[in-house]
Amino acid sequence: MDRFNGKRVIQTAVADGIHKPQELIERSLDPAAPVYESGNASHAEGSEEKESGWHKVYKDLMNGVSHMLPFIVGGGIMIAIAFLIDGFCVDMNMLAESERQLFGTITPAAAFFKSVGDIAFGFMLPVLSGYIAMSIADRPGLMVGFVGGAIAANGKSGFLGALLIGFVAGYVINGLKKICTKLPDSLEGIKPMLIYPFFGVLITGAIMMFLVEPPVGWLNTQLNLWLESLNGVSGVVLGALLAGMMAIDMGGPFNKAAYVFGTASLAAGNYAVMASVMIGGMVPPIAIALASWLFKNKFTEDERKTAPTNVVMGLSFITEGAIPFAASDPLHVLPACAIGSALAGALSELFGCTLMAPHGGIFVVLTIGNPLMYLVALAAGVAAAALILGFTRKPVKAAA
């Protein structure tokens, strides 16, 4: 935000940019518009409210998640390619039980992809906690959060521990900053170089090792055991729930929560959950495109023109292509997409589909277990959502 220092800035909800863009433009051009002041948390209208409570927690969490995702995607696809190579080149039936444990590293090419992917994947938790802490305490929180996340990665608390310690690290640094305000000005230079790193790591490390790691490690272990035990009805229900969450707010808190749960399950070796999560995110844009083709009188000409783009975005696992439709007609679009996604996620679990890559949509089909039935599940979810949307939406008057 520092780049906007001294400029007129309007802070508002994302939906306002969709519904009333011209009004926002006029407000921003108004000489009376609030001027952004770097470091001033209350510089713009409504900012104090937006930066309080759960919104602040959500913003800090999303800062960690957004920085973590490239490591998950890059590393996850590399690991998936490693399994794919060994799957093509190695006959599992000819391997002893001990050799099967090395699957993904048996051939030299697979070993290369697996080793690089594992290294990239290994940064996931430190980056998550580090950037959560940085969002809270600025740059001094980054290193302390990294260390806390590394402890979680090397212990048993895993994703949940890294998530929690990121917030702890940020607030520890903020506490140290307040304490250090009483120090003489002559010691100003040693704060970021000595006091914050040493005492931050000392306090955060102690909290992590003795207070967070034991209970959260136990909880994380139980969660992984529960995921591994899922089958039949319980697995189908979880698949439907997560896939539906991917479509209910399309990039919002529910969508992000489901995706983070899927990637955490992927890191724990549960590939069925990620398959349900991704198929749930693919359904909405494709379903809206299909509905615009089947029910032309229910969509404007401009909306119908976006159909090819939405198909590509949906196949690429970019749910956000459906946001303009959801924002303009949420009462019809969101329920239809959520039902279709839930159906697709349930069928994915029912058919025993798995997914080793955390992103890529249909373009990582070779890393999908039982890919044919996965496409059937996707088609069923898309068809259901498109039909529900088409039959419930009112005709557009200008379409005639």
# chains A, B, ... in the order shown; residues from 1 in each chain; ligands from 1
call {"tool": "residues_around", "arguments": {"residues": "Ile173 (chain A)", "least_positions_apart": "5", "cutoff": "10 Å", "atoms": "only C-alpha atoms", "output": "VMD selection string"}}
result
chain A and resid 133 to 134 136 to 142 144 to 145 168 178 to 179 195 to 197 199 to 201 203 to 204
call {"tool": "write_last_selection", "arguments": {"atoms": "all heavy atoms", "output": "short mmCIF file (atom, residue, chain, number, x, y, z; two decimals), in the first residue's frame"}}
result
data_model
loop_
_atom_site.label_atom_id
_atom_site.label_comp_id
_atom_site.auth_asym_id
_atom_site.auth_seq_id
_atom_site.Cartn_x
_atom_site.Cartn_y
_atom_site.Cartn_z
N ALA A 133 2.73 -13.99 10.02
CA ALA A 133 3.40 -13.15 11.01
C ALA A 133 3.82 -11.81 10.43
O ALA A 133 3.73 -10.77 11.09
CB ALA A 133 4.63 -13.88 11.57
N MET A 134 4.26 -11.82 9.17
CA MET A 134 4.67 -10.57 8.53
C MET A 134 3.48 -9.64 8.33
O MET A 134 3.61 -8.41 8.45
CB MET A 134 5.34 -10.86 7.19
CG MET A 134 5.90 -9.63 6.51
SD MET A 134 6.76 -10.05 4.98
CE MET A 134 7.29 -8.42 4.44
N ILE A 136 1.03 -9.36 10.28
CA ILE A 136 0.69 -8.82 11.60
C ILE A 136 1.73 -7.83 12.09
O ILE A 136 1.41 -6.75 12.58
CB ILE A 136 0.54 -9.96 12.62
CG1 ILE A 136 -0.63 -10.87 12.23
CG2 ILE A 136 0.34 -9.40 14.04
CD1 ILE A 136 -0.70 -12.15 13.02
N ALA A 137 3.01 -8.20 11.95
CA ALA A 137 4.09 -7.44 12.59
C ALA A 137 5.07 -6.84 11.61
O ALA A 137 6.14 -6.37 12.02
CB ALA A 137 4.83 -8.33 13.58
N ASP A 138 4.76 -6.86 10.33
CA ASP A 138 5.65 -6.34 9.29
C ASP A 138 6.91 -7.21 9.21
O ASP A 138 6.95 -8.33 9.69
CB ASP A 138 5.99 -4.87 9.55
CG ASP A 138 6.26 -4.11 8.25
OD1 ASP A 138 6.31 -4.75 7.18
OD2 ASP A 138 6.43 -2.89 8.31
N ARG A 139 7.98 -6.69 8.62
CA ARG A 139 9.14 -7.50 8.30
C ARG A 139 9.78 -8.21 9.49
O ARG A 139 10.23 -9.34 9.35
CB ARG A 139 10.19 -6.63 7.59
CG ARG A 139 11.31 -7.44 6.95
CD ARG A 139 12.16 -6.57 6.06
NE ARG A 139 11.39 -6.01 4.96
CZ ARG A 139 11.87 -5.15 4.09
NH1 ARG A 139 13.12 -4.73 4.18
NH2 ARG A 139 11.11 -4.69 3.11
N PRO A 140 9.83 -7.62 10.70
CA PRO A 140 10.42 -8.36 11.83
C PRO A 140 9.71 -9.68 12.14
O PRO A 140 10.31 -10.58 12.73
CB PRO A 140 10.28 -7.37 13.00
CG PRO A 140 10.28 -6.03 12.35
CD PRO A 140 9.54 -6.22 11.05
N GLY A 141 8.44 -9.80 11.76
CA GLY A 141 7.72 -11.03 12.04
C GLY A 141 8.03 -12.16 11.09
O GLY A 141 7.76 -13.32 11.38
N LEU A 142 8.62 -11.84 9.91
CA LEU A 142 8.82 -12.84 8.87
C LEU A 142 9.72 -13.99 9.34
O LEU A 142 9.35 -15.15 9.25
CB LEU A 142 9.40 -12.19 7.62
CG LEU A 142 9.64 -13.11 6.42
CD1 LEU A 142 8.34 -13.73 5.94
CD2 LEU A 142 10.31 -12.34 5.28
N VAL A 144 10.71 -14.88 12.36
CA VAL A 144 10.18 -15.61 13.51
C VAL A 144 9.07 -16.56 13.08
O VAL A 144 9.01 -17.71 13.52
CB VAL A 144 9.67 -14.61 14.58
CG1 VAL A 144 9.10 -15.36 15.78
CG2 VAL A 144 10.78 -13.68 15.02
N GLY A 145 8.20 -16.10 12.17
CA GLY A 145 7.15 -16.97 11.65
C GLY A 145 7.71 -18.13 10.86
O GLY A 145 7.23 -19.26 10.96
N VAL A 168 0.77 -16.41 16.43
CA VAL A 168 1.52 -16.23 17.69
C VAL A 168 2.78 -15.42 17.44
O VAL A 168 3.09 -14.47 18.18
CB VAL A 168 1.87 -17.60 18.31
CG1 VAL A 168 2.84 -17.43 19.48
CG2 VAL A 168 0.61 -18.32 18.77
N LYS A 178 6.30 -2.98 21.39
CA LYS A 178 5.77 -2.09 22.42
C LYS A 178 6.73 -1.97 23.60
O LYS A 178 6.94 -0.89 24.16
CB LYS A 178 4.41 -2.60 22.89
CG LYS A 178 3.31 -2.45 21.86
CD LYS A 178 1.96 -2.90 22.41
CE LYS A 178 0.86 -2.71 21.37
NZ LYS A 178 -0.46 -3.15 21.89
N ILE A 179 7.32 -3.10 23.98
CA ILE A 179 8.28 -3.09 25.09
C ILE A 179 9.49 -2.25 24.73
O ILE A 179 10.02 -1.48 25.54
CB ILE A 179 8.70 -4.53 25.45
CG1 ILE A 179 7.50 -5.30 26.01
CG2 ILE A 179 9.85 -4.53 26.45
CD1 ILE A 179 7.77 -6.77 26.24
N ILE A 195 17.30 -7.66 18.88
CA ILE A 195 16.25 -7.90 19.87
C ILE A 195 15.07 -8.67 19.29
O ILE A 195 14.66 -9.70 19.84
CB ILE A 195 15.78 -6.55 20.46
CG1 ILE A 195 16.93 -5.88 21.21
CG2 ILE A 195 14.58 -6.77 21.38
CD1 ILE A 195 16.59 -4.51 21.78
N TYR A 196 14.54 -8.20 18.16
CA TYR A 196 13.39 -8.88 17.58
C TYR A 196 13.70 -10.31 17.13
O TYR A 196 12.95 -11.23 17.44
CB TYR A 196 12.82 -8.07 16.40
CG TYR A 196 12.33 -6.69 16.77
CD1 TYR A 196 12.31 -5.65 15.82
CD2 TYR A 196 11.86 -6.41 18.04
CE1 TYR A 196 11.86 -4.39 16.15
CE2 TYR A 196 11.41 -5.13 18.38
CZ TYR A 196 11.42 -4.13 17.43
OH TYR A 196 10.97 -2.88 17.75
N PRO A 197 14.80 -10.54 16.40
CA PRO A 197 15.08 -11.92 15.98
C PRO A 197 15.34 -12.86 17.16
O PRO A 197 14.76 -13.95 17.21
CB PRO A 197 16.33 -11.78 15.09
CG PRO A 197 16.35 -10.36 14.68
CD PRO A 197 15.75 -9.59 15.80
N PHE A 199 14.84 -12.58 20.69
CA PHE A 199 13.76 -12.80 21.64
C PHE A 199 12.49 -13.30 20.96
O PHE A 199 11.71 -14.05 21.56
CB PHE A 199 13.48 -11.50 22.42
CG PHE A 199 14.54 -11.17 23.42
CD1 PHE A 199 15.51 -10.21 23.16
CD2 PHE A 199 14.60 -11.84 24.64
CE1 PHE A 199 16.50 -9.90 24.08
CE2 PHE A 199 15.60 -11.54 25.58
CZ PHE A 199 16.55 -10.57 25.29
N GLY A 200 12.30 -12.90 19.70
CA GLY A 200 11.15 -13.41 18.97
C GLY A 200 11.23 -14.92 18.77
O GLY A 200 10.26 -15.65 19.04
N VAL A 201 12.38 -15.41 18.34
CA VAL A 201 12.56 -16.85 18.15
C VAL A 201 12.53 -17.58 19.49
O VAL A 201 11.95 -18.67 19.60
CB VAL A 201 13.88 -17.13 17.40
CG1 VAL A 201 14.24 -18.60 17.47
CG2 VAL A 201 13.76 -16.69 15.95
N ILE A 203 10.95 -16.78 22.34
CA ILE A 203 9.60 -16.86 22.90
C ILE A 203 8.69 -17.72 22.02
O ILE A 203 7.99 -18.61 22.52
CB ILE A 203 9.01 -15.44 23.05
CG1 ILE A 203 9.84 -14.63 24.05
CG2 ILE A 203 7.56 -15.52 23.52
CD1 ILE A 203 9.47 -13.15 24.10
N THR A 204 8.72 -17.46 20.71
CA THR A 204 7.87 -18.22 19.79
C THR A 204 8.25 -19.70 19.78
O THR A 204 7.38 -20.58 19.77
CB THR A 204 7.96 -17.65 18.37
OG1 THR A 204 7.59 -16.26 18.39
CG2 THR A 204 7.05 -18.40 17.41
#
call {"tool": "closest_atom_pairs", "arguments": {"of": "region 231-323 of chain A", "to": "region 109-125 of chain A", "cutoff": "12 Å", "atoms": "only C-alpha atoms", "output": "tab-separated table"}}
result
residue	atom	partner	partner_atom	distance
A:Val260	CA	A:Met124	CA	11.4
A:Thr263	CA	A:Met124	CA	10.1
A:Ala264	CA	A:Leu125	CA	9.9
A:Leu266	CA	A:Phe121	CA	10.7
A:Ala267	CA	A:Phe121	CA	8.2
A:Ala268	CA	A:Phe121	CA	11.6
call {"tool": "closest_residue", "arguments": {"among": "A:Leu290, A:Ala150, A:Leu389, A:Leu347", "to": "Ala243 (chain A)", "atoms": "only C-alpha atoms"}}
result
A:Leu347
call {"tool": "residues_around", "arguments": {"residues": "Asp249 (chain A)", "least_positions_apart": "6", "cutoff": "9 Å", "atoms": "only C-alpha atoms", "output": "JSON, numbers by chain"}}
result
{"A": [255, 323, 326, 334, 338]}
call {"tool": "residues_around", "arguments": {"residues": "Ile318 (chain A)", "least_positions_apart": "4", "cutoff": "7 Å", "atoms": "only C-alpha atoms", "output": "list in words"}}
result
Gly281, Met282, Met313 and Gly314 of chain A
call {"tool": "residues_around", "arguments": {"residues": "Cys337 (chain A)", "least_positions_apart": "2", "cutoff": "9 Å", "atoms": "only C-alpha atoms", "output": "PyMOL selection string"}}
result
chain A and resi 244+247-248+280+283-285+287-288+332-335+339-342+381-382+384-386+388-389
call {"tool": "residues_around", "arguments": {"residues": "Met278 (chain A)", "least_positions_apart": "5", "cutoff": "9 Å", "atoms": "only C-alpha atoms", "output": "list in words"}}
result
Ala243, Met246, Tyr259, Gly262, Val273, Val283, Phe317, Gly345, Leu355, Pro358, His359, Gly360 and Gly361 of chain A
call {"tool": "write_last_selection", "arguments": {"atoms": "all heavy atoms", "output": "mmCIF file, in the first residue's frame"}}
result
data_model
loop_
_atom_site.group_PDB
_atom_site.id
_atom_site.type_symbol
_atom_site.label_atom_id
_atom_site.label_comp_id
_atom_site.auth_asym_id
_atom_site.auth_seq_id
_atom_site.Cartn_x
_atom_site.Cartn_y
_atom_site.Cartn_z
ATOM 1 N N ALA A 243 -16.653 -29.779 -1.886
ATOM 2 C CA ALA A 243 -16.904 -29.295 -3.246
ATOM 3 C C ALA A 243 -17.945 -28.188 -3.245
ATOM 4 O O ALA A 243 -17.824 -27.201 -3.985
ATOM 5 C CB ALA A 243 -17.353 -30.452 -4.139
ATOM 6 N N MET A 246 -16.458 -24.924 -2.250
ATOM 7 C CA MET A 246 -15.681 -24.288 -3.317
ATOM 8 C C MET A 246 -16.543 -23.383 -4.182
ATOM 9 O O MET A 246 -16.054 -22.420 -4.778
ATOM 10 C CB MET A 246 -15.028 -25.353 -4.196
ATOM 11 C CG MET A 246 -13.895 -26.127 -3.529
ATOM 12 S SD MET A 246 -12.486 -25.087 -3.117
ATOM 13 C CE MET A 246 -11.898 -24.630 -4.737
ATOM 14 N N TYR A 259 -10.148 -25.229 0.012
ATOM 15 C CA TYR A 259 -8.916 -25.473 -0.746
ATOM 16 C C TYR A 259 -7.733 -25.731 0.183
ATOM 17 O O TYR A 259 -6.928 -26.633 -0.065
ATOM 18 C CB TYR A 259 -8.615 -24.298 -1.665
ATOM 19 C CG TYR A 259 -7.409 -24.533 -2.544
ATOM 20 C CD1 TYR A 259 -7.487 -25.434 -3.613
ATOM 21 C CD2 TYR A 259 -6.199 -23.908 -2.302
ATOM 22 C CE1 TYR A 259 -6.387 -25.683 -4.413
ATOM 23 C CE2 TYR A 259 -5.092 -24.158 -3.088
ATOM 24 C CZ TYR A 259 -5.190 -25.040 -4.143
ATOM 25 O OH TYR A 259 -4.079 -25.292 -4.920
ATOM 26 N N GLY A 262 -7.966 -29.144 1.448
ATOM 27 C CA GLY A 262 -7.560 -30.095 0.413
ATOM 28 C C GLY A 262 -6.057 -30.198 0.262
ATOM 29 O O GLY A 262 -5.509 -31.298 0.143
ATOM 30 N N VAL A 273 -9.440 -36.329 -1.210
ATOM 31 C CA VAL A 273 -10.004 -35.047 -0.780
ATOM 32 C C VAL A 273 -9.689 -33.960 -1.802
ATOM 33 O O VAL A 273 -10.547 -33.160 -2.169
ATOM 34 C CB VAL A 273 -9.461 -34.665 0.613
ATOM 35 C CG1 VAL A 273 -9.883 -33.246 0.981
ATOM 36 C CG2 VAL A 273 -9.969 -35.643 1.657
ATOM 37 N N VAL A 283 -16.695 -26.747 -11.519
ATOM 38 C CA VAL A 283 -18.084 -26.795 -11.977
ATOM 39 C C VAL A 283 -18.685 -25.424 -12.285
ATOM 40 O O VAL A 283 -19.280 -25.247 -13.366
ATOM 41 C CB VAL A 283 -18.959 -27.553 -10.948
ATOM 42 C CG1 VAL A 283 -20.446 -27.316 -11.216
ATOM 43 C CG2 VAL A 283 -18.650 -29.037 -10.997
ATOM 44 N N PHE A 317 -9.548 -24.885 -13.544
ATOM 45 C CA PHE A 317 -9.759 -24.779 -12.098
ATOM 46 C C PHE A 317 -9.610 -23.336 -11.625
ATOM 47 O O PHE A 317 -8.947 -23.039 -10.656
ATOM 48 C CB PHE A 317 -8.793 -25.703 -11.342
ATOM 49 C CG PHE A 317 -8.988 -25.721 -9.839
ATOM 50 C CD1 PHE A 317 -10.246 -25.788 -9.293
ATOM 51 C CD2 PHE A 317 -7.903 -25.668 -8.984
ATOM 52 C CE1 PHE A 317 -10.429 -25.806 -7.917
ATOM 53 C CE2 PHE A 317 -8.065 -25.689 -7.606
ATOM 54 C CZ PHE A 317 -9.338 -25.756 -7.067
ATOM 55 N N GLY A 345 -18.505 -33.445 -6.348
ATOM 56 C CA GLY A 345 -17.593 -33.878 -5.299
ATOM 57 C C GLY A 345 -17.994 -35.205 -4.693
ATOM 58 O O GLY A 345 -17.140 -36.060 -4.405
ATOM 59 N N LEU A 355 -6.421 -37.338 -6.758
ATOM 60 C CA LEU A 355 -5.701 -36.283 -7.469
ATOM 61 C C LEU A 355 -4.421 -35.955 -6.719
ATOM 62 O O LEU A 355 -4.453 -35.641 -5.532
ATOM 63 C CB LEU A 355 -6.571 -35.023 -7.593
ATOM 64 C CG LEU A 355 -5.910 -33.795 -8.208
ATOM 65 C CD1 LEU A 355 -5.537 -34.058 -9.655
ATOM 66 C CD2 LEU A 355 -6.842 -32.588 -8.110
ATOM 67 N N PRO A 358 -2.238 -30.175 -6.901
ATOM 68 C CA PRO A 358 -3.145 -29.258 -6.206
ATOM 69 C C PRO A 358 -3.779 -28.212 -7.110
ATOM 70 O O PRO A 358 -4.528 -27.368 -6.618
ATOM 71 C CB PRO A 358 -2.219 -28.586 -5.185
ATOM 72 C CG PRO A 358 -0.891 -28.562 -5.874
ATOM 73 C CD PRO A 358 -0.822 -29.820 -6.694
ATOM 74 N N HIS A 359 -3.461 -28.223 -8.388
ATOM 75 C CA HIS A 359 -4.035 -27.229 -9.296
ATOM 76 C C HIS A 359 -3.889 -27.753 -10.723
ATOM 77 O O HIS A 359 -3.261 -28.777 -10.953
ATOM 78 C CB HIS A 359 -3.317 -25.888 -9.157
ATOM 79 C CG HIS A 359 -4.199 -24.702 -9.377
ATOM 80 N ND1 HIS A 359 -4.776 -24.427 -10.597
ATOM 81 C CD2 HIS A 359 -4.619 -23.720 -8.527
ATOM 82 C CE1 HIS A 359 -5.510 -23.325 -10.492
ATOM 83 N NE2 HIS A 359 -5.440 -22.876 -9.252
ATOM 84 N N GLY A 360 -4.497 -27.050 -11.664
ATOM 85 C CA GLY A 360 -4.324 -27.408 -13.068
ATOM 86 C C GLY A 360 -5.578 -27.854 -13.763
ATOM 87 O O GLY A 360 -5.636 -27.889 -14.987
ATOM 88 N N GLY A 361 -6.614 -28.245 -12.988
ATOM 89 C CA GLY A 361 -7.857 -28.660 -13.607
ATOM 90 C C GLY A 361 -7.683 -29.866 -14.509
ATOM 91 O O GLY A 361 -6.949 -30.805 -14.223
#
